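Each remark here refers to the structure printed beneath this line.
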Amino acid sequence: MQFFLASFLLLPFLLVCIVESLLKLFIPKKRKSVTGEIVLITGAGHGIGRQTAYEFAKLKCKLVLWDINKHGLEETATECKRLGAKAHTFVVDCSNREDIYSSAKKVKAEVGDVSILVNNAGVVYTSDLFATQDPQIEKTFEVNILAHFWTTKAFLPEMMKNNHGHIVTVASAAGHTGVPFLLAYCSSKFAAVGFHKALTEELSALKRTGVKTTCLCPNFINTGFIKNPSTSLGPTLEPEEVVNKLIDGILTEQKMIFVPSSLNFLSLMEKVLPERFQAILKRKIDIRFDAVIGYKMKGK
């Protein structure tokens, strides 16, 4: 009873916050400078990671690029250098904790203290529970969420010491809603969203508000990882479009970025709409992609 009374007394403040939020929609937020920052991007050899590296290169950052694919990594670094940035490459297996920790030590010794960490590396298997092999499930969690813990533990201490830095979590719209035949992926991305939210609160509790956090949650992206994706929400996103939103979100210190922005509304609706209506809405959204189905009904 005491909690509800206290909440009721906060209603005037809630109205002030709502008005403030509405006003901010029409007032462009100042973009911070990241010139000279050391930016580490995992999964930098392809897709979102590569495009993010290009954009930070244009902003005159010093880049540390991680990927398991040496060839893709070198291609990204070459373009970053052409854009005028210094780029250091490290072949790292983000499914391997010890490889992450040992590579982090090399980065600190050879490049310096990372001040912007972009946890982007990810894997996805488009199959139902029975067709997804046990090692694939393990790797999904090792790369999509456990790696976030190891990289953050490696680089966050210096950010906290200086009360300056930024941790970026590349999650997914699948971190907010369940999708059939992406069971392992959705589970890992729900964990990534939770990681971002809990880390944000922990930094606040420790009074390290100079260390910012951002979580990116896009819809299907044209990177080739998921074959023939489609949805009634709109066409498959291009990496450039998503990264433009991400960079703007980092520079304006947004905590959660949905691409397209309509996903923000759908995420809210899923929390308040009746279950039966949600089922109809999901059928209308009509998510499709190529998937392997291992479950076979008897007699079929």
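Identifiers in the structure tokens: chain A, B, ... in order shown; residue index from 1 per chain; ligand index from 1 in order shown.
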(Q) Let's see if you can do this: from backbone DSSP, list all alpha helix (DSSP H) residues in segment 101-198 of chain A, as a ChimeraX atom specification. (A) /A:101-110,134-141,147-162,183-198
Would you export the selected residues with C-alpha atoms as an mmCIF file, in the first residue's frame, please?
data_model
loop_
_atom_site.group_PDB
_atom_site.id
_atom_site.type_symbol
_atom_site.label_atom_id
_atom_site.label_comp_id
_atom_site.auth_asym_id
_atom_site.auth_seq_id
_atom_site.Cartn_x
_atom_site.Cartn_y
_atom_site.Cartn_z
ATOM 1 C CA TYR A 101 41.508 -11.993 -22.475
ATOM 2 C CA SER A 102 44.922 -12.549 -24.081
ATOM 3 C CA SER A 103 44.013 -10.334 -27.065
ATOM 4 C CA ALA A 104 42.777 -7.625 -24.684
ATOM 5 C CA LYS A 105 46.202 -7.607 -22.997
ATOM 6 C CA LYS A 106 47.884 -7.184 -26.394
ATOM 7 C CA VAL A 107 45.566 -4.288 -27.238
ATOM 8 C CA LYS A 108 46.397 -2.473 -23.992
ATOM 9 C CA ALA A 109 50.128 -2.987 -24.507
ATOM 10 C CA GLU A 110 50.282 -2.189 -28.231
ATOM 11 C CA ASP A 134 24.250 -28.759 -29.212
ATOM 12 C CA PRO A 135 27.611 -27.188 -30.204
ATOM 13 C CA GLN A 136 25.710 -24.601 -32.255
ATOM 14 C CA ILE A 137 23.607 -23.646 -29.229
ATOM 15 C CA GLU A 138 26.745 -23.339 -27.109
ATOM 16 C CA LYS A 139 28.530 -21.216 -29.714
ATOM 17 C CA THR A 140 25.511 -18.931 -30.052
ATOM 18 C CA PHE A 141 25.709 -18.076 -26.369
ATOM 19 C CA ALA A 147 31.840 -12.576 -25.127
ATOM 20 C CA HIS A 148 30.186 -9.326 -23.979
ATOM 21 C CA PHE A 149 31.035 -10.227 -20.392
ATOM 22 C CA TRP A 150 34.682 -11.029 -21.163
ATOM 23 C CA THR A 151 35.365 -7.948 -23.326
ATOM 24 C CA THR A 152 33.587 -5.656 -20.873
ATOM 25 C CA LYS A 153 35.489 -7.103 -17.895
ATOM 26 C CA ALA A 154 38.715 -6.542 -19.829
ATOM 27 C CA PHE A 155 38.181 -2.934 -20.893
ATOM 28 C CA LEU A 156 35.643 -1.415 -18.484
ATOM 29 C CA PRO A 157 38.001 -0.923 -15.483
ATOM 30 C CA GLU A 158 39.957 1.884 -17.186
ATOM 31 C CA MET A 159 36.733 3.525 -18.344
ATOM 32 C CA MET A 160 35.432 3.442 -14.771
ATOM 33 C CA LYS A 161 38.729 4.754 -13.438
ATOM 34 C CA ASN A 162 38.496 7.748 -15.804
ATOM 35 C CA LEU A 183 15.253 -20.132 -30.531
ATOM 36 C CA ALA A 184 18.952 -20.056 -29.616
ATOM 37 C CA TYR A 185 19.471 -16.674 -31.276
ATOM 38 C CA CYS A 186 16.476 -15.036 -29.586
ATOM 39 C CA SER A 187 17.523 -16.410 -26.202
ATOM 40 C CA SER A 188 21.050 -15.033 -26.574
ATOM 41 C CA LYS A 189 19.789 -11.638 -27.738
ATOM 42 C CA PHE A 190 17.305 -11.409 -24.849
ATOM 43 C CA ALA A 191 20.371 -11.967 -22.663
ATOM 44 C CA ALA A 192 22.267 -9.228 -24.513
ATOM 45 C CA VAL A 193 19.438 -6.738 -23.932
ATOM 46 C CA GLY A 194 19.376 -7.736 -20.251
ATOM 47 C CA PHE A 195 23.157 -7.335 -20.078
ATOM 48 C CA HIS A 196 22.877 -3.791 -21.422
ATOM 49 C CA LYS A 197 20.076 -2.804 -19.042
ATOM 50 C CA ALA A 198 21.706 -4.304 -15.950
#
(Q) Run DSSP on the backbone and tell me which residues of segment 155-240 of chain A come out as strand (DSSP E); list them as number ranges by chain. (A) A: 165-170, 211-218
(Q) Residues near Val118 of chain A, anyone? I mean within 12 Å using only C-alpha atoms, not counting same-chain ones fewer than 4 positions away, as a ChimeraX atom specification. (A) /A:38-44,48-50,52-53,56,63-66,114,122,147-148,151-152,155-156,165-171,196,212-216,243,246-247,250
**Q.** For Lys86 of chain A: contacts at 9 Å, only C-alpha atoms, fewer than 4 positions along chain excluded, given as a ChimeraX atom specification
**A.** /A:57,60-64,77,80-81
**Q.** Nearest-residue call for Glu270 of chain A, choices A:Pro218, A:Lys282, A:Val179, A:Ser204, using only C-alpha atoms
**A.**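 Result for the nearest residue to Glu270 of chain A: A:Lys282.
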**Q.** Nearest residue to Ser95 of chain A from the set A:Ser230, A:Asn144, A:Thr209, A:Asn163 (distances using only C-alpha atoms)
**A.** A:Asn144
